[in-house]
Each structure stands twice: as C-alpha cells, then as structure tokens.
Amino acid sequence: MAPLSRGMLIVIEGLDRAGKSTQHARLCQSLESQGRRVKRMRFPDRTTPIGKSIDAYLKGESQQEDHVIHLLFSANRWEAAAQIRNAIEEGTTVVIDRYYYSGIVYSAAKGKADLSLKWARDPEIGLPRPDVCVFLDIAPEAAAKRGGFGREKYETNAMQKRVRELFYELIATSDGLDICVVDAGRDVEEVEKDVMERVKDVMKQPKMTQPLTEIL
Ligand code: TMP
Ligand code: MG
C-alpha cells in the first residue's frame, strides 16, 4: 500500500454493544501490521477531569442537565483536538471509538424540543473532520442480547432504537459526514473484512493527499 504523507482519521461508530471495541482493536492491529503508525483513542475519554464527570453521569452516580452533559461530551473532544491534529500531521493514523456522531445522536435521542440534531451539532464545528466514519449497524434487539448491556444510562431499548433512527436520519439528511454503513450483525471476521475494505477505499481518495480538514 502506498505510504500516505499524513495519517488518516478513522472513526468507528454504532449503538452500544454493536462490536465497536472489537472492530476498533482489529482495525488498529491490521493497520499496524501494514506498517502504519496508529494512535488508539476513544470518546468519551473518561481519564480527564471532564471525562470523569461524564463517567459518573453515565453510571448514574451524578445528575447533569441535558444540555450541560451534551456540552461536556463535546468539550471532552475539544480537549483532545490538538492531539489528534498533531498525530495526523506527523503521519500517525488516529482510530477513534466514537466521535461527534454519537455526540449528536445520543443527545438528540432524548427527544427534547430544544435539543435538536442541529443544536447538538453546532459545538462540534471546527473539530478535526474524519476521513471516514464506519457505522457498525445492528438491530437494537440483537445488541441487547450481547453481554453487559443495560449497565449504563443510555443502554435501554427505547434509547437505542431512537439512536439508530437518528443515525439513519443523520446519514440521509446531511452531506459530507463521511459515514459508511457496515452490517455488524454478522461474524466478527466478516465485519472486520468489510471495515478494512471501506478504509482501503478511502485511502485511495484524493482527499488523502490533502491536509486534514475541519467539521463545517
Ligand atoms: P461508550 O459505551 O463507548 O463508553 O460510551 C458511553 C456512552 O456515551 C454511550 O451510551 C454513548 C454515549 N455518548 C454520548 O452520549 N455522547 C458522546 O459524545 C459520546 C462520545 C458518547
Ligand atoms: Mg457503552
């Protein structure tokens, strides 16, 4: 594979229990085995002070007003933005487990009139724009059957169902989100192969010879 002058920005998205962590790990390993430098990241990053507040909220240990928690999730990305940009500029590929797409749809899924997809998206403007976002698509019923579901705040069937609808709305209504959909209800290896294919397609695109852009 031809070397890229900059790293790629790749995002893995999906419902809770869609298999994001598994696919994230496998994609990072294959990219490394192809000789690329890889930085693994995830949002929320629960290690920072803001991330610790988010963690407490998700575990039900603290309460936050819905707009406030939304902005904390966004701030948690902003505090990592320079790090992402620098890594990519020096040729490292950054692979992130969840990014602003989750940020938008999970908040909007709460169904508040004053917390629309548009309102939710505004604080994300200016963050590094992904080269590709792979949306691991799974039916909420199938996700719920996987281990560990139901521990955190948003892991309810009603919420997951709405999140999936909003992911589809996001994909259908906005250009330039760089999302591709992969059926995640299959064997891990099949999903992995598809994810890698999507990433390889993007590697060939002309934008990969240009500097990383920003979310508009
Ligand atoms: P995790 O399961 O990937 O650790 O994410 C924790 C939860 O946080 C998950 O239900 C999705 C949700 N979330 C948001 O609501 N907003 C965001 O910006 C992000 C990154 C995640
Ligand atoms: Mg989760």
# chains A, B, ... in the order shown; residues from 1 in each chain; ligands from 1

call {"tool": "closest_atom_pairs", "arguments": {"of": "chain A", "to": "ligand 1", "cutoff": "10 Å", "atoms": "only C-alpha atoms and all ligand atoms", "output": "tab-separated table"}}
result
residue	atom	partner	partner_atom_place_in_ligand_line	distance
A:Glu13	CA	ligand 1	3 (O)	8.7
A:Gly14	CA	ligand 1	11 (C)	8.8
A:Leu15	CA	ligand 1	10 (O)	7.5
A:Asp16	CA	ligand 1	2 (O)	5.7
A:Arg17	CA	ligand 1	2 (O)	7.9
A:Ala18	CA	ligand 1	2 (O)	10.0
A:Lys20	CA	ligand 1	3 (O)	8.0
A:Ser21	CA	ligand 1	3 (O)	8.1
A:Arg42	CA	ligand 1	3 (O)	7.3
A:Phe43	CA	ligand 1	20 (C)	4.3
A:Pro44	CA	ligand 1	20 (C)	4.6
A:Asp45	CA	ligand 1	4 (O)	8.1
A:Arg46	CA	ligand 1	4 (O)	8.2
A:Ile54	CA	ligand 1	8 (O)	8.1
A:Asp55	CA	ligand 1	6 (C)	7.9
A:Tyr57	CA	ligand 1	8 (O)	9.5
A:Leu58	CA	ligand 1	7 (C)	6.7
A:Lys59	CA	ligand 1	6 (C)	9.5
A:Asp66	CA	ligand 1	15 (O)	10.0
A:Ile69	CA	ligand 1	15 (O)	8.1
A:His70	CA	ligand 1	16 (N)	6.6
A:Leu71	CA	ligand 1	18 (O)	8.6
A:Leu72	CA	ligand 1	18 (O)	8.2
A:Phe73	CA	ligand 1	18 (O)	4.5
A:Ser74	CA	ligand 1	18 (O)	6.0
A:Ala75	CA	ligand 1	18 (O)	9.1
A:Asn76	CA	ligand 1	18 (O)	8.1
A:Arg77	CA	ligand 1	18 (O)	7.9
A:Ile96	CA	ligand 1	20 (C)	9.8
A:Asp97	CA	ligand 1	3 (O)	6.8
A:Arg98	CA	ligand 1	20 (C)	5.2
A:Tyr99	CA	ligand 1	20 (C)	5.1
A:Tyr100	CA	ligand 1	18 (O)	5.6
A:Tyr101	CA	ligand 1	18 (O)	7.3
A:Ser102	CA	ligand 1	17 (C)	4.8
A:Gly103	CA	ligand 1	18 (O)	3.0
A:Ile104	CA	ligand 1	18 (O)	6.8
A:Val105	CA	ligand 1	15 (O)	7.5
A:Tyr106	CA	ligand 1	15 (O)	4.5
A:Ser107	CA	ligand 1	15 (O)	5.8
A:Ala108	CA	ligand 1	15 (O)	9.2
A:Ala109	CA	ligand 1	15 (O)	9.2
A:Lys110	CA	ligand 1	15 (O)	9.9
A:Ala120	CA	ligand 1	18 (O)	9.7
A:Glu124	CA	ligand 1	18 (O)	9.8
A:Phe149	CA	ligand 1	2 (O)	9.8
A:Gly150	CA	ligand 1	10 (O)	9.9
A:Arg151	CA	ligand 1	2 (O)	9.8
A:Glu152	CA	ligand 1	10 (O)	7.0
A:Lys153	CA	ligand 1	10 (O)	6.8
A:Tyr154	CA	ligand 1	10 (O)	4.8
A:Glu155	CA	ligand 1	10 (O)	6.2
A:Thr156	CA	ligand 1	10 (O)	9.4
A:Met159	CA	ligand 1	10 (O)	9.2
A:Gln160	CA	ligand 1	10 (O)	8.6
A:Val163	CA	ligand 1	11 (C)	9.5

call {"tool": "write_last_selection", "arguments": {"atoms": "C-alpha atoms", "output": "compact mmCIF listing (two decimals), in the first residue's frame"}}
result
# COMPACT_ATOMS: atom_id res chain seq x y z
CA GLU A 13 -19.46 4.30 15.42
CA GLY A 14 -22.52 2.34 16.39
CA LEU A 15 -25.03 1.52 19.08
CA ASP A 16 -23.88 0.25 22.47
CA ARG A 17 -22.82 -3.44 22.02
CA ALA A 18 -22.51 -3.14 18.24
CA LYS A 20 -17.11 -1.25 18.22
CA SER A 21 -14.33 -2.11 20.66
CA ARG A 42 -12.00 6.69 22.32
CA PHE A 43 -14.72 9.11 23.35
CA PRO A 44 -15.77 9.71 25.97
CA ASP A 45 -12.17 9.75 27.23
CA ARG A 46 -13.00 9.02 30.85
CA ILE A 54 -19.16 12.10 32.16
CA ASP A 55 -18.31 8.69 33.61
CA TYR A 57 -23.17 10.67 34.88
CA LEU A 58 -23.26 7.53 32.71
CA LYS A 59 -23.01 5.31 35.76
CA ASP A 66 -29.20 17.51 29.27
CA ILE A 69 -23.88 16.88 29.61
CA HIS A 70 -24.02 17.39 25.85
CA LEU A 71 -21.51 20.23 26.08
CA LEU A 72 -19.28 18.19 28.40
CA PHE A 73 -19.14 15.38 25.82
CA SER A 74 -18.22 17.99 23.21
CA ALA A 75 -15.64 19.63 25.49
CA ASN A 76 -14.12 16.17 26.02
CA ARG A 77 -13.44 16.05 22.26
CA ILE A 96 -11.33 6.57 17.36
CA ASP A 97 -14.04 4.53 19.04
CA ARG A 98 -17.00 7.01 18.85
CA TYR A 99 -16.78 10.70 17.95
CA TYR A 100 -19.12 13.61 17.33
CA TYR A 101 -21.70 11.44 15.53
CA SER A 102 -22.51 9.74 18.85
CA GLY A 103 -22.38 13.16 20.43
CA ILE A 104 -25.16 14.42 18.16
CA VAL A 105 -27.48 11.43 18.06
CA TYR A 106 -27.42 10.36 21.71
CA SER A 107 -28.30 13.86 22.91
CA ALA A 108 -30.96 14.38 20.23
CA ALA A 109 -32.42 10.94 21.02
CA LYS A 110 -33.64 12.33 24.33
CA ALA A 120 -26.34 19.30 19.10
CA GLU A 124 -18.64 20.24 17.06
CA PHE A 149 -25.98 -4.49 28.05
CA GLY A 150 -28.04 -2.36 30.44
CA ARG A 151 -25.36 -1.16 32.84
CA GLU A 152 -25.14 2.47 31.77
CA LYS A 153 -27.51 5.40 31.38
CA TYR A 154 -28.33 5.10 27.67
CA GLU A 155 -28.43 1.32 27.45
CA THR A 156 -32.21 0.96 27.25
CA MET A 159 -32.98 4.91 23.68
CA GLN A 160 -31.01 2.56 21.40
CA VAL A 163 -30.34 6.44 18.42

call {"tool": "select_by_dssp", "arguments": {"residues": "chain A", "states": "helix (DSSP H, G or I)", "output": "MDAnalysis selection string"}}
result
chainID A and resid 20:33 49:58 66:89 100:108 117:124 140:145 157:173 188:203 206:209

call {"tool": "closest_residue", "arguments": {"among": "A:Leu212, A:Val68, A:Leu117, A:Ile171", "to": "A:Arg6", "atoms": "only C-alpha atoms"}}
result
A:Leu212

call {"tool": "residues_around", "arguments": {"residues": "A:Lys200", "least_positions_apart": "5", "cutoff": "12 Å", "atoms": "only C-alpha atoms", "output": "VMD selection string"}}
result
chain A and resid 1 to 2 4 8 10 27 30 to 31 34 131 to 132 193 to 195 205 208

call {"tool": "closest_residue", "arguments": {"among": "A:Leu9, A:Ala144, A:Leu177, A:Val199", "to": "ligand 2", "atoms": "only C-alpha atoms and all ligand atoms"}}
result
A:Ala144

call {"tool": "atom_distance", "arguments": {"atom1": "atom CA of A:Arg40", "atom2": "atom CA of A:Glu189"}}
result
20.3 Å

call {"tool": "closest_residue", "arguments": {"among": "A:Ala143, A:Val182, A:Val188, A:Leu170", "to": "ligand 2", "atoms": "only C-alpha atoms and all ligand atoms"}}
result
A:Ala143

call {"tool": "closest_residue", "arguments": {"among": "A:Arg162, A:Arg186, A:Arg36, A:Arg146", "to": "ligand 2", "atoms": "only C-alpha atoms and all ligand atoms"}}
result
A:Arg146

call {"tool": "closest_residue", "arguments": {"among": "A:Thr47, A:Lys161, A:Ile88, A:Gly19", "to": "ligand 2", "atoms": "only C-alpha atoms and all ligand atoms"}}
result
A:Gly19

call {"tool": "select_by_dssp", "arguments": {"residues": "chain A", "states": "strand (DSSP E or B)", "output": "ChimeraX atom specification"}}
result
/A:9-14,38-42,93-97,128,132-137,179-183,214

call {"tool": "closest_residue", "arguments": {"among": "A:Lys39, A:Glu90, A:Pro128, A:Gln64", "to": "A:Glu214", "atoms": "only C-alpha atoms"}}
result
A:Pro128

call {"tool": "atom_distance", "arguments": {"atom1": "atom CA of A:Tyr168", "atom2": "atom CA of A:Val181"}}
result
9.6 Å

call {"tool": "atom_distance", "arguments": {"atom1": "atom CA of A:Asp178", "atom2": "atom CA of A:Glu165"}}
result
17.8 Å

call {"tool": "residues_around", "arguments": {"residues": "A:Thr92", "least_positions_apart": "3", "cutoff": "6 Å", "atoms": "only C-alpha atoms", "output": "list in words"}}
result
Gly7, Arg37, Val38, Ala87 and Ile88 of chain A

call {"tool": "decode", "arguments": {"residues": "stretch 23-165 of chain A", "atoms": "C-alpha atoms", "output": "short mmCIF file (atom, residue, chain, number, x, y, z; two decimals), in the first residue's frame"}}
result
data_model
loop_
_atom_site.label_atom_id
_atom_site.label_comp_id
_atom_site.auth_asym_id
_atom_site.auth_seq_id
_atom_site.Cartn_x
_atom_site.Cartn_y
_atom_site.Cartn_z
CA GLN A 23 -13.56 -3.90 15.47
CA HIS A 24 -11.55 -0.93 16.69
CA ALA A 25 -8.87 -3.26 18.10
CA ARG A 26 -8.78 -5.42 14.98
CA LEU A 27 -8.58 -2.48 12.59
CA CYS A 28 -5.73 -0.92 14.60
CA GLN A 29 -3.83 -4.22 14.53
CA SER A 30 -4.21 -4.69 10.78
CA LEU A 31 -3.16 -1.13 10.05
CA GLU A 32 -0.08 -1.64 12.23
CA SER A 33 0.72 -4.92 10.52
CA GLN A 34 0.70 -2.97 7.24
CA GLY A 35 3.42 -0.73 8.66
CA ARG A 36 1.33 2.25 9.72
CA ARG A 37 1.77 4.11 12.98
CA VAL A 38 -1.53 4.03 14.83
CA LYS A 39 -2.93 6.00 17.76
CA ARG A 40 -5.93 4.46 19.50
CA MET A 41 -8.46 6.83 21.01
CA ARG A 42 -12.00 6.69 22.32
CA PHE A 43 -14.72 9.11 23.35
CA PRO A 44 -15.77 9.71 25.97
CA ASP A 45 -12.17 9.75 27.23
CA ARG A 46 -13.00 9.02 30.85
CA THR A 47 -9.49 9.76 32.14
CA THR A 48 -9.64 13.59 32.09
CA PRO A 49 -11.48 15.70 34.72
CA ILE A 50 -14.30 16.33 32.21
CA GLY A 51 -14.28 12.63 31.30
CA LYS A 52 -14.62 11.70 34.97
CA SER A 53 -17.78 13.82 35.25
CA ILE A 54 -19.16 12.10 32.16
CA ASP A 55 -18.31 8.69 33.61
CA ALA A 56 -20.14 9.49 36.86
CA TYR A 57 -23.17 10.67 34.88
CA LEU A 58 -23.26 7.53 32.71
CA LYS A 59 -23.01 5.31 35.76
CA GLY A 60 -25.88 7.17 37.44
CA GLU A 61 -23.67 8.50 40.21
CA SER A 62 -24.37 12.13 39.35
CA GLN A 63 -27.01 14.15 37.53
CA GLN A 64 -26.49 16.68 34.74
CA GLU A 65 -28.89 18.88 32.85
CA ASP A 66 -29.20 17.51 29.27
CA HIS A 67 -27.60 20.49 27.53
CA VAL A 68 -24.80 20.54 30.08
CA ILE A 69 -23.88 16.88 29.61
CA HIS A 70 -24.02 17.39 25.85
CA LEU A 71 -21.51 20.23 26.08
CA LEU A 72 -19.28 18.19 28.40
CA PHE A 73 -19.14 15.38 25.82
CA SER A 74 -18.22 17.99 23.21
CA ALA A 75 -15.64 19.63 25.49
CA ASN A 76 -14.12 16.17 26.02
CA ARG A 77 -13.44 16.05 22.26
CA TRP A 78 -12.16 19.63 22.13
CA GLU A 79 -9.60 18.90 24.83
CA ALA A 80 -8.17 16.18 22.56
CA ALA A 81 -8.45 18.05 19.25
CA ALA A 82 -4.89 19.38 19.09
CA GLN A 83 -3.52 15.95 19.98
CA ILE A 84 -5.49 14.38 17.09
CA ARG A 85 -4.35 17.03 14.63
CA ASN A 86 -0.69 16.77 15.65
CA ALA A 87 -0.64 12.98 15.39
CA ILE A 88 -2.15 13.09 11.93
CA GLU A 89 0.23 15.77 10.72
CA GLU A 90 3.21 13.70 11.78
CA GLY A 91 1.92 10.69 9.84
CA THR A 92 0.15 8.71 12.56
CA THR A 93 -3.27 7.27 11.77
CA VAL A 94 -5.78 8.01 14.52
CA VAL A 95 -8.55 5.46 15.02
CA ILE A 96 -11.33 6.57 17.36
CA ASP A 97 -14.04 4.53 19.04
CA ARG A 98 -17.00 7.01 18.85
CA TYR A 99 -16.78 10.70 17.95
CA TYR A 100 -19.12 13.61 17.33
CA TYR A 101 -21.70 11.44 15.53
CA SER A 102 -22.51 9.74 18.85
CA GLY A 103 -22.38 13.16 20.43
CA ILE A 104 -25.16 14.42 18.16
CA VAL A 105 -27.48 11.43 18.06
CA TYR A 106 -27.42 10.36 21.71
CA SER A 107 -28.30 13.86 22.91
CA ALA A 108 -30.96 14.38 20.23
CA ALA A 109 -32.42 10.94 21.02
CA LYS A 110 -33.64 12.33 24.33
CA GLY A 111 -36.42 13.98 22.31
CA LYS A 112 -36.25 17.47 23.80
CA ALA A 113 -37.67 20.19 21.56
CA ASP A 114 -34.71 22.47 22.34
CA LEU A 115 -32.09 19.75 21.81
CA SER A 116 -32.33 19.07 18.09
CA LEU A 117 -29.75 17.41 15.84
CA LYS A 118 -28.79 20.88 14.63
CA TRP A 119 -28.35 22.33 18.12
CA ALA A 120 -26.34 19.30 19.10
CA ARG A 121 -24.04 19.58 16.09
CA ASP A 122 -23.06 23.24 16.48
CA PRO A 123 -20.43 22.83 19.24
CA GLU A 124 -18.64 20.24 17.06
CA ILE A 125 -17.90 22.74 14.28
CA GLY A 126 -14.15 23.18 13.95
CA LEU A 127 -13.10 19.79 15.30
CA PRO A 128 -10.89 17.62 13.05
CA ARG A 129 -13.09 16.10 10.34
CA PRO A 130 -12.81 12.33 9.92
CA ASP A 131 -11.70 10.85 6.60
CA VAL A 132 -14.19 8.09 7.21
CA CYS A 133 -16.69 7.02 9.83
CA VAL A 134 -17.68 3.35 9.76
CA PHE A 135 -21.14 2.95 11.29
CA LEU A 136 -21.49 -0.60 12.63
CA ASP A 137 -25.17 -1.19 12.14
CA ILE A 138 -27.00 -3.64 14.35
CA ALA A 139 -30.65 -4.04 15.37
CA PRO A 140 -31.16 -2.84 18.96
CA GLU A 141 -32.72 -6.21 19.83
CA ALA A 142 -29.59 -8.05 18.68
CA ALA A 143 -27.33 -5.60 20.53
CA ALA A 144 -29.35 -6.04 23.74
CA LYS A 145 -28.69 -9.80 23.67
CA ARG A 146 -24.93 -9.26 23.76
CA GLY A 147 -23.19 -9.38 27.14
CA GLY A 148 -23.09 -6.46 29.53
CA PHE A 149 -25.98 -4.49 28.05
CA GLY A 150 -28.04 -2.36 30.44
CA ARG A 151 -25.36 -1.16 32.84
CA GLU A 152 -25.14 2.47 31.77
CA LYS A 153 -27.51 5.40 31.38
CA TYR A 154 -28.33 5.10 27.67
CA GLU A 155 -28.43 1.32 27.45
CA THR A 156 -32.21 0.96 27.25
CA ASN A 157 -34.09 -0.47 24.29
CA ALA A 158 -36.09 2.72 23.72
CA MET A 159 -32.98 4.91 23.68
CA GLN A 160 -31.01 2.56 21.40
CA LYS A 161 -33.90 2.33 18.96
CA ARG A 162 -34.11 6.12 18.74
CA VAL A 163 -30.34 6.44 18.42
CA ARG A 164 -30.38 4.10 15.44
CA GLU A 165 -33.22 6.05 13.77
#
